[in-house]
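What follows is a set of notes on a single structure, which appears directly below.
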Protein chains: 2
Amino acid sequence: MPIEKKATLLIKNIGQLITMAGDVPRIGRSMSDLGLIENGGIAVAGDEILAVGVSDEVQGHAPLAEGCSVIDAKGMVVTPGFIDPHTHPVFSMTREKEFEMRVQGKSYMEIAQSGGGIRASVRDLRTTSTEILMERTKDRLDRFLAHGVTTIEAKSGYGLSTESELKQLRIIDDLNQLHAIDMVPTFLGAHEVPDEYRDDREEYIDLLINEMIPAVVRDNLAEFSDIFCEEDVYDIDESRRIQQAARSAGLDLKFHADELKSTGGAELAASLNARSADHLVYVSERGIKALAASKTAAVLLPGTTFSLGGKQYAPARKMIEEGVIVALSTDCNPGSSYSESLPVIISLAALQMKMIAAEAISAVTVNAAYAVGREKKIGQLTQNYQADITIWNMSDYRELPYHYGVNLAARVIKKGKVVVDR
Amino acid sequence: MPIEKKATLLIKNIGQLITMAGDVPRIGRSMSDLGLIENGGIAVAGDEILAVGVSDEVQGHAPLAEGCSVIDAKGMVVTPGFIDPHTHPVFSMTREKEFEMRVQGKSYMEIAQSGGGIRASVRDLRTTSTEILMERTKDRLDRFLAHGVTTIEAKSGYGLSTESELKQLRIIDDLNQLHAIDMVPTFLGAHEVPDEYRDDREEYIDLLINEMIPAVVRDNLAEFSDIFCEEDVYDIDESRRIQQAARSAGLDLKFHADELKSTGGAELAASLNARSADHLVYVSERGIKALAASKTAAVLLPGTTFSLGGKQYAPARKMIEEGVIVALSTDCNPGSSYSESLPVIISLAALQMKMIAAEAISAVTVNAAYAVGREKKIGQLTQNYQADITIWNMSDYRELPYHYGVNLAARVIKKGKVVVDR
């Protein structure tokens with residue numbers, strides 16, 4: 001291994017170094033391939049990985065820069081920093097009362113009538129100051145980072161007006177500069193039809209296509225356009241129309257698809273060559289085939305079923321068997337899934353969707369990187385990749401799903417710098 | 001409020017001060033009564049609560065000792081330190097491989113044949129040094145404390161010989177002196193029948209009654225005797241015999257009851273006036289009636305069903321409606337439930353057993369204190385109670401189940417001293 005640069009950070013004595021080197025994205029059996037090195041070491045130069053291998057060799061070969069930090073991992077597990085490919089992190093008001101109403105068996109209608117639901121979050125976002133929104137969102141980013149997550153996708157979608165959607169995306173943009181975590185911004189103006197357009201949805205679609213998408217692209221505020229494609233929100237034809245406009249304007253595509261019913265959202269996402277189709281609780285056989293034949297990733301959100309008290313989880317095993325690119329996410333949002341912990345999602349993926357630990361790790365590293373279009377830069381620990389690294393307080397990576405509800409991230413390194421040390 | 005002592009710690013500006021003052025234990029509707037004070041304050045003198053009330057009044061009345069610490073809770077939620085009434089914390093070897101085998105659909109038999117199950121933990125406990133066991137257990141106690149838990153019940157049961165059971169109980173005793181957390185020790189020599197007595201279980205029962213229980217009592221190493229009362233482990237008659245001997249020797253009683261099948265364990269526990277019957281996934285109607293008519297608490301362990309990938313949870317709502325004293329616990333152990341987080345258990349209690357936040361908080365404070373026989377000292381924030389206090393980073397206590405898989409304990413105070421500050 002020819003090394004020119006000098007190491008600014010050296011991690012040695014890694015019990016299980018999970019590099020994830022290999023196929024990108026991972027499908028089928030290759031999801032179980034962790035590129036695992038026992039007694040491993042990593043040398044970092046600045047914000048990039050310089051060398052990865054057996055601890056002694058990496059130490060022997062990498063010339064150390066003056067003041068190089070050395071971390072003794074003491075036999076622990078090291079993975080790429082986790083990537084959460086589907087979050088709605090910008091909000092102020094939490095909705096715990098609604099959660100409790102659901103526990104008490106109240107219906108969706110009763111909750112909506114008591115002022116709950118996504119419209120409550122829209123009212124809140126529109127009327128809350130940027131300063132408070134920044135503060136609350138920053139706390140969430142801190143919690144993501146503390147759980148070993150170094151990159152998240154972050155959606156708008158609580159504004160539903162040009163002004164408020166841009167406000168939300170600018171908060172994401174500003175925090176991206178201020179915070180260690182990286183955010184991949186997604187425009188989700190088609191999260192719902194706002195109250196003021198209930199009687200004229202066509203006018204809102206017109207606004208999305210002719211005003212909001214162009215404004216988002218002009219200000220370079222998003223990489224993806226997402227849509228809630230569902231019978232009662234945006235149907236297949238509307239979704240196609242809006243997303244084609246977004247694609248023409250230069251945005252890559254994501255879909256909330258087949259979450260509540262099987263409506264052909266997965267098929268539409270695949271046919272438009274979207275980067276990902278998300279949720280997929282009720283994806284059809286045909287939808288799975290379409291995804292398997294495409295380059296569209298399936299982002300599964302078991303925390304949402306769990307937190308809504310549901311029984312039906314996305315058919316992860318079937319998708320993996322059919323060769324779909326599977327990623328996992330928290331869906332962090334104030335309504336249906338409030339958590340910043342990918343480790344707890346990994347436990348849910350194991351217990352409710354029968355994904356083994358290695359598959360789940362693939363799903364929050366290489367495949368999640370692919371789902372946000374960053375697979376050439378993050379999601380694995382290989383030379384020249386970004387030095388986003390999590391050290392876990394465990395000696396076997398299978399402890400991740402097993403030791404549930406507890407945060408075992410010991411140290412988190414972002415772009416070569418230790419940003420969490422617990 | 002006549003105050004003689006001076007405050008050594010003052011907590012002010014508590015958004016929701018959950019005192020739990022009132023009925024002990026809580027049953028039925030009283031489980032929803034949190035004794036909540038808005039904008040509350042607490043004065044602590046040494047290791048005891050001195051005064052509780054509205055922030056300004058507590059500040060106005062309590063004379064401050066020199067060097068008194070003042071904590072501004074900034075509108076957060078404060079509860080009594082949580083109490084976990086059922087744990088198996090003393091072990092070295094984790095069993096994540098077994099967990100993964102279950103995810104892959106392997107049967108109990110296959111897992112046992114591959115060297116898994118409780119017998120694996122017995123082999124491990126017997127052959128591992130006290131030093132290593134102390135170290136591993138201490139890490140677990142740290143994690144309990146970090147999740148706002150200030151007292152746990154702690155069982156033996158991986159020794160299954162006089163020597164190894166005493167070894168485990170002495171570790172609990174030693175750590176009780178060394179660690180901030182309090183442990184209530186329970187003898188569980190009847191956790192299984194050890195391999196060497198498989199062909200003569202009567203001889204092991206004789207050992208339990210005539211050697212082990214007397215030794216435990218002589219060395220004052222346990223307050224409770226517990227037993228795995230289940231068709232294939234210790235049946236109803238054996239359980240009665242062993243527990244009557246334990247009671248005669250001076251121990252209070254607990255039962256692992258009706259976990260895998262309905263065998264009348266709850267009825268037996270109630271008839272023997274046990275302090276608690278635990279698990280109760282398959283408790284019968286008659287068992288619920290028996291518990292409701294008794295002073296025996298039901299300790300429910302939803303994490304165990306969850307972590308085993310099961311569907312059937314204990315009928316918590318029915319028990320609450322019938323007037324059973326309900327408590328909640330992690331069941332922290334290496335086989336069926338590896339977690340030190342009562343907050344995640346509260347999420348599971350809400351989502352899987354339909355317990356609202358207030359009921360769940362009752363179940364890990366006053367009722368858990370009752371389940372471990374400490375209800376006159378801990379489990380509420382009232383004058384003269386022990387100053388075990390958790391400050392939660394939330395403004396509404398209902399965030400506890402809702403914001404799942406994330407640890408929101410901001411500060412933990414044990415016997416008047418800050419032991420966790422995150």
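For the structure tokens, the naming scheme is as follows: chains receive sequential letters (A, B, ...) according to their order of presentation, residues are indexed from 1 within each chain, and ligands are indexed from 1 in presentation order.
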
Contacts of segment 38-48 of chain A within 8 Å, only C-alpha atoms, excl. fewer than 5 positions in-chain, as an NGL selection string: :A and (5-17 or 53-59 or 62 or 75 or 383-387 or 414-417)

Can you spit out the residues from that selection as a PDB file, in the first residue's frame, using C-alpha atoms?
ATOM      1  CA  LYS A   5       0.070  11.442   3.139  1.00  0.00           C
ATOM      2  CA  LYS A   6       0.731  11.294   6.875  1.00  0.00           C
ATOM      3  CA  ALA A   7      -1.758  10.011   9.428  1.00  0.00           C
ATOM      4  CA  THR A   8      -3.411  12.592  11.669  1.00  0.00           C
ATOM      5  CA  LEU A   9      -5.470   9.958  13.474  1.00  0.00           C
ATOM      6  CA  LEU A  10      -4.729   6.310  14.101  1.00  0.00           C
ATOM      7  CA  ILE A  11      -7.231   3.829  15.519  1.00  0.00           C
ATOM      8  CA  LYS A  12      -5.630   0.593  16.648  1.00  0.00           C
ATOM      9  CA  ASN A  13      -6.657  -2.691  18.280  1.00  0.00           C
ATOM     10  CA  ILE A  14     -10.080  -2.825  16.687  1.00  0.00           C
ATOM     11  CA  GLY A  15     -11.664  -6.153  17.629  1.00  0.00           C
ATOM     12  CA  GLN A  16     -13.947  -6.226  14.613  1.00  0.00           C
ATOM     13  CA  LEU A  17     -13.254  -3.634  11.944  1.00  0.00           C
ATOM     14  CA  GLY A  53      -6.002  -3.220   7.513  1.00  0.00           C
ATOM     15  CA  VAL A  54      -4.689  -5.375  10.314  1.00  0.00           C
ATOM     16  CA  SER A  55      -3.737  -3.149  13.248  1.00  0.00           C
ATOM     17  CA  ASP A  56      -0.009  -3.892  13.261  1.00  0.00           C
ATOM     18  CA  GLU A  57       0.340  -3.421   9.520  1.00  0.00           C
ATOM     19  CA  VAL A  58      -1.495  -0.137   9.444  1.00  0.00           C
ATOM     20  CA  GLN A  59       0.633   1.068  12.355  1.00  0.00           C
ATOM     21  CA  ALA A  62       1.368   4.726   7.906  1.00  0.00           C
ATOM     22  CA  GLY A  75     -11.012  -4.813  21.031  1.00  0.00           C
ATOM     23  CA  GLN A 383      -8.890   4.478   1.282  1.00  0.00           C
ATOM     24  CA  ASN A 384      -9.964   7.945   0.140  1.00  0.00           C
ATOM     25  CA  TYR A 385     -13.454   7.641   1.633  1.00  0.00           C
ATOM     26  CA  GLN A 386     -14.500  10.307   4.117  1.00  0.00           C
ATOM     27  CA  ALA A 387     -13.285   9.502   7.632  1.00  0.00           C
ATOM     28  CA  LYS A 414     -16.664  12.920  11.654  1.00  0.00           C
ATOM     29  CA  LYS A 415     -14.312  13.954   8.854  1.00  0.00           C
ATOM     30  CA  GLY A 416     -11.379  12.730  10.889  1.00  0.00           C
ATOM     31  CA  LYS A 417     -12.290  14.546  14.121  1.00  0.00           C
TER      32      LYS A 417
END

Expected answer as a PyMOL selection string: helix (DSSP H, G or I) residues in segment 53-223 of chain A: chain A and resi 55-61+96-103+108-113+118-127+130-146+162-178+195-197+201-218

Exercise answer, chain B residues close to chain A, 8 Å and only C-alpha atoms, as number ranges by chain: B: 96-97, 99-100, 103-104, 306-309, 337-341, 344, 350-352, 354-357, 398-399, 402-407

Deliver the residues from the most recent selection as a file, using N, CA, C and O atoms, as a CSV table (one decimal), in the first residue's frame.
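Listing of selection-v4.csv after writing:
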chain,number,residue,atom,x,y,z
B,96,GLU,N,-25.4,-12.9,22.0
B,96,GLU,CA,-25.9,-12.3,20.8
B,96,GLU,C,-26.0,-13.3,19.7
B,96,GLU,O,-26.8,-13.1,18.8
B,97,LYS,N,-25.2,-14.3,19.7
B,97,LYS,CA,-25.3,-15.3,18.6
B,97,LYS,C,-26.6,-16.1,18.7
B,97,LYS,O,-27.2,-16.4,17.7
B,99,PHE,N,-29.4,-14.8,19.9
B,99,PHE,CA,-30.4,-13.8,19.5
B,99,PHE,C,-30.5,-13.9,17.9
B,99,PHE,O,-31.5,-14.0,17.3
B,100,GLU,N,-29.3,-13.9,17.3
B,100,GLU,CA,-29.3,-14.0,15.8
B,100,GLU,C,-29.9,-15.3,15.3
B,100,GLU,O,-30.6,-15.3,14.3
B,103,VAL,N,-33.5,-14.9,15.3
B,103,VAL,CA,-33.9,-14.0,14.1
B,103,VAL,C,-34.0,-14.9,12.9
B,103,VAL,O,-34.9,-14.7,12.0
B,104,GLN,N,-33.0,-15.8,12.7
B,104,GLN,CA,-33.0,-16.7,11.6
B,104,GLN,C,-34.0,-17.8,11.6
B,104,GLN,O,-34.0,-18.7,10.7
B,306,PHE,N,-40.8,-8.8,23.5
B,306,PHE,CA,-40.2,-8.1,22.4
B,306,PHE,C,-38.9,-8.7,21.9
B,306,PHE,O,-38.8,-9.0,20.7
B,307,SER,N,-38.0,-8.9,22.8
B,307,SER,CA,-36.7,-9.4,22.5
B,307,SER,C,-36.6,-10.8,22.1
B,307,SER,O,-35.7,-11.3,21.4
B,308,LEU,N,-37.6,-11.6,22.4
B,308,LEU,CA,-37.8,-13.0,21.9
B,308,LEU,C,-38.5,-13.0,20.6
B,308,LEU,O,-38.7,-14.1,20.0
B,309,GLY,N,-38.9,-11.8,20.1
B,309,GLY,CA,-39.7,-11.8,18.8
B,309,GLY,C,-41.1,-12.4,19.0
B,309,GLY,O,-41.6,-12.8,18.0
B,337,SER,N,-33.6,-10.8,27.3
B,337,SER,CA,-33.9,-9.4,27.3
B,337,SER,C,-32.7,-8.6,27.7
B,337,SER,O,-32.5,-8.4,28.9
B,338,TYR,N,-31.9,-8.2,26.8
B,338,TYR,CA,-30.7,-7.5,27.2
B,338,TYR,C,-30.9,-6.0,27.0
B,338,TYR,O,-30.6,-5.5,25.9
B,339,SER,N,-31.3,-5.3,28.1
B,339,SER,CA,-31.4,-3.9,28.1
B,339,SER,C,-31.4,-3.4,29.5
B,339,SER,O,-31.9,-4.0,30.4
B,340,GLU,N,-30.8,-2.2,29.7
B,340,GLU,CA,-30.8,-1.6,31.0
B,340,GLU,C,-31.7,-0.3,31.0
B,340,GLU,O,-31.6,0.6,31.8
B,341,SER,N,-32.5,-0.2,29.9
B,341,SER,CA,-33.3,1.0,29.8
B,341,SER,C,-34.8,0.8,30.2
B,341,SER,O,-35.6,0.2,29.4
B,344,VAL,N,-37.1,2.5,27.5
B,344,VAL,CA,-37.6,1.8,26.3
B,344,VAL,C,-38.7,0.8,26.7
B,344,VAL,O,-39.6,0.5,25.9
B,350,ALA,N,-46.4,1.1,26.5
B,350,ALA,CA,-47.4,1.9,25.8
B,350,ALA,C,-47.9,1.3,24.5
B,350,ALA,O,-49.1,1.1,24.3
B,351,LEU,N,-46.9,0.9,23.7
B,351,LEU,CA,-47.3,0.4,22.3
B,351,LEU,C,-47.8,-1.0,22.3
B,351,LEU,O,-48.7,-1.3,21.5
B,352,GLN,N,-47.3,-1.9,23.2
B,352,GLN,CA,-47.7,-3.3,23.2
B,352,GLN,C,-48.7,-3.6,24.2
B,352,GLN,O,-49.4,-4.6,24.1
B,354,LYS,N,-50.6,-1.0,25.9
B,354,LYS,CA,-51.6,0.1,26.0
B,354,LYS,C,-51.6,0.7,27.4
B,354,LYS,O,-52.7,1.2,27.8
B,355,MET,N,-50.5,0.8,28.0
B,355,MET,CA,-50.4,1.6,29.3
B,355,MET,C,-50.0,3.0,28.9
B,355,MET,O,-49.1,3.3,28.2
B,356,ILE,N,-50.8,4.0,29.5
B,356,ILE,CA,-50.5,5.4,29.2
B,356,ILE,C,-49.3,5.8,30.0
B,356,ILE,O,-48.9,5.0,30.9
B,357,ALA,N,-48.7,6.9,29.7
B,357,ALA,CA,-47.4,7.3,30.3
B,357,ALA,C,-47.5,7.4,31.8
B,357,ALA,O,-46.6,6.9,32.5
B,398,ARG,N,-45.1,12.9,29.0
B,398,ARG,CA,-45.6,12.0,27.9
B,398,ARG,C,-44.6,11.7,26.8
B,398,ARG,O,-44.8,10.9,26.0
B,399,GLU,N,-43.5,12.6,26.8
B,399,GLU,CA,-42.5,12.3,25.8
B,399,GLU,C,-41.7,11.0,26.2
B,399,GLU,O,-41.1,10.4,25.3
B,402,TYR,N,-43.1,8.2,24.0
B,402,TYR,CA,-43.2,8.7,22.6
B,402,TYR,C,-41.8,8.8,21.9
B,402,TYR,O,-41.7,8.4,20.8
B,403,HIS,N,-40.9,9.4,22.6
B,403,HIS,CA,-39.5,9.6,22.0
B,403,HIS,C,-38.7,8.4,22.3
B,403,HIS,O,-37.9,8.3,23.2
B,404,TYR,N,-38.9,7.4,21.5
B,404,TYR,CA,-38.5,6.0,21.9
B,404,TYR,C,-37.0,5.7,21.5
B,404,TYR,O,-36.5,6.2,20.5
B,405,GLY,N,-36.4,4.8,22.3
B,405,GLY,CA,-35.1,4.3,22.0
B,405,GLY,C,-34.0,5.3,22.2
B,405,GLY,O,-32.8,5.1,21.8
B,406,VAL,N,-34.3,6.4,22.9
B,406,VAL,CA,-33.3,7.5,23.1
B,406,VAL,C,-33.4,7.8,24.6
B,406,VAL,O,-34.4,7.8,25.2
B,407,ASN,N,-32.2,7.9,25.2
B,407,ASN,CA,-32.1,8.2,26.6
B,407,ASN,C,-32.2,9.7,26.9
B,407,ASN,O,-31.2,10.4,26.6

Strand (DSSP E) positions in segment 138-321 of chain A, given as a PyMOL selection string: chain A and resi 149-155+182-190+224-229+252-257+276-279+297-300

Next, the residues of the selection above should be written as a tab-separated table (two decimals), in the first residue's frame with N, CA and C atoms.
chain	number	residue	atom	x	y	z
A	149	VAL	N	-24.50	8.22	14.20
A	149	VAL	CA	-24.98	8.59	12.87
A	149	VAL	C	-24.25	9.86	12.42
A	150	THR	N	-23.57	9.79	11.26
A	150	THR	CA	-22.75	10.92	10.83
A	150	THR	C	-23.31	11.65	9.61
A	151	THR	N	-24.32	11.08	8.98
A	151	THR	CA	-24.98	11.74	7.84
A	151	THR	C	-26.47	11.40	7.89
A	152	ILE	N	-27.31	12.41	7.67
A	152	ILE	CA	-28.74	12.12	7.54
A	152	ILE	C	-29.28	12.83	6.30
A	153	GLU	N	-30.27	12.21	5.69
A	153	GLU	CA	-31.07	12.92	4.72
A	153	GLU	C	-32.08	13.72	5.53
A	154	ALA	N	-32.41	14.95	5.08
A	154	ALA	CA	-33.32	15.81	5.86
A	154	ALA	C	-34.32	16.45	4.91
A	155	LYS	N	-35.59	16.27	5.23
A	155	LYS	CA	-36.66	16.72	4.34
A	155	LYS	C	-37.32	17.99	4.85
A	182	ASP	N	-23.52	15.74	8.59
A	182	ASP	CA	-23.84	16.17	7.23
A	182	ASP	C	-25.32	15.89	6.95
A	183	MET	N	-25.96	16.84	6.28
A	183	MET	CA	-27.36	16.62	5.88
A	183	MET	C	-27.46	16.65	4.37
A	184	VAL	N	-28.24	15.74	3.83
A	184	VAL	CA	-28.56	15.71	2.40
A	184	VAL	C	-29.99	16.24	2.29
A	185	PRO	N	-30.18	17.41	1.69
A	185	PRO	CA	-31.50	18.06	1.74
A	185	PRO	C	-32.47	17.56	0.67
A	186	THR	N	-33.69	17.37	1.08
A	186	THR	CA	-34.76	16.91	0.18
A	186	THR	C	-35.97	17.84	0.28
A	187	PHE	N	-36.47	18.23	-0.87
A	187	PHE	CA	-37.69	19.06	-0.93
A	187	PHE	C	-38.91	18.15	-0.90
A	188	LEU	N	-39.79	18.39	0.09
A	188	LEU	CA	-40.99	17.56	0.23
A	188	LEU	C	-42.23	18.47	0.31
A	189	GLY	N	-42.31	19.38	-0.63
A	189	GLY	CA	-43.48	20.26	-0.68
A	189	GLY	C	-44.77	19.48	-0.92
A	190	ALA	N	-44.62	18.28	-1.48
A	190	ALA	CA	-45.80	17.43	-1.73
A	190	ALA	C	-45.98	16.40	-0.62
A	224	PHE	N	-32.85	16.29	-3.66
A	224	PHE	CA	-33.92	15.35	-4.00
A	224	PHE	C	-35.28	16.03	-3.91
A	225	SER	N	-36.21	15.48	-4.68
A	225	SER	CA	-37.62	15.83	-4.52
A	225	SER	C	-38.34	14.56	-4.07
A	226	ASP	N	-39.11	14.70	-3.00
A	226	ASP	CA	-39.85	13.56	-2.45
A	226	ASP	C	-41.34	13.89	-2.52
A	227	ILE	N	-42.18	12.87	-2.47
A	227	ILE	CA	-43.63	13.09	-2.52
A	227	ILE	C	-44.33	12.00	-1.71
A	228	PHE	N	-45.42	12.36	-1.06
A	228	PHE	CA	-46.24	11.38	-0.34
A	228	PHE	C	-47.24	10.81	-1.35
A	229	CYS	N	-46.82	9.73	-2.02
A	229	CYS	CA	-47.64	9.10	-3.05
A	229	CYS	C	-48.56	8.08	-2.38
A	252	ASP	N	-33.01	14.84	-8.13
A	252	ASP	CA	-33.14	13.39	-8.13
A	252	ASP	C	-34.40	13.06	-7.30
A	253	LEU	N	-34.91	11.82	-7.42
A	253	LEU	CA	-36.24	11.55	-6.88
A	253	LEU	C	-36.27	10.55	-5.73
A	254	LYS	N	-37.18	10.81	-4.80
A	254	LYS	CA	-37.53	9.88	-3.72
A	254	LYS	C	-39.05	9.82	-3.61
A	255	PHE	N	-39.55	8.74	-3.08
A	255	PHE	CA	-41.00	8.57	-2.92
A	255	PHE	C	-41.34	8.02	-1.54
A	256	HIS	N	-42.39	8.57	-0.92
A	256	HIS	CA	-43.10	7.87	0.15
A	256	HIS	C	-44.07	6.96	-0.60
A	257	ALA	N	-43.83	5.65	-0.56
A	257	ALA	CA	-44.59	4.76	-1.45
A	257	ALA	C	-45.21	3.58	-0.71
A	276	SER	N	-34.74	6.37	-4.47
A	276	SER	CA	-35.31	5.47	-3.47
A	276	SER	C	-36.83	5.53	-3.42
A	277	ALA	N	-37.41	4.40	-2.99
A	277	ALA	CA	-38.83	4.33	-2.64
A	277	ALA	C	-38.86	3.94	-1.17
A	278	ASP	N	-39.60	4.70	-0.35
A	278	ASP	CA	-39.50	4.55	1.10
A	278	ASP	C	-40.82	4.08	1.71
A	279	HIS	N	-40.74	3.46	2.87
A	279	HIS	CA	-41.87	2.86	3.60
A	279	HIS	C	-42.18	1.46	3.08
A	297	ALA	N	-33.46	2.16	-4.61
A	297	ALA	CA	-33.32	1.52	-3.30
A	297	ALA	C	-34.65	1.54	-2.55
A	298	ALA	N	-34.85	0.54	-1.69
A	298	ALA	CA	-36.01	0.50	-0.80
A	298	ALA	C	-35.55	0.94	0.58
A	299	VAL	N	-36.08	2.06	1.06
A	299	VAL	CA	-35.72	2.52	2.40
A	299	VAL	C	-36.85	2.11	3.35
A	300	LEU	N	-36.53	1.21	4.28
A	300	LEU	CA	-37.55	0.65	5.18
A	300	LEU	C	-37.49	1.33	6.55

Option closest in space to Glu196 of chain A, from A:Leu160, A:Thr296, A:Glu131, A:Met109 [counting only C-alpha atoms]: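 Of A:Leu160, A:Thr296, A:Glu131, A:Met109, the one nearest Glu196 of chain A is A:Leu160, counting only C-alpha atoms.
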
Nearest to Gly148 of chain A, chosen from A:Arg411, A:Lys289, A:Arg240, A:Lys106, with only C-alpha atoms counted in the distances: A:Arg411
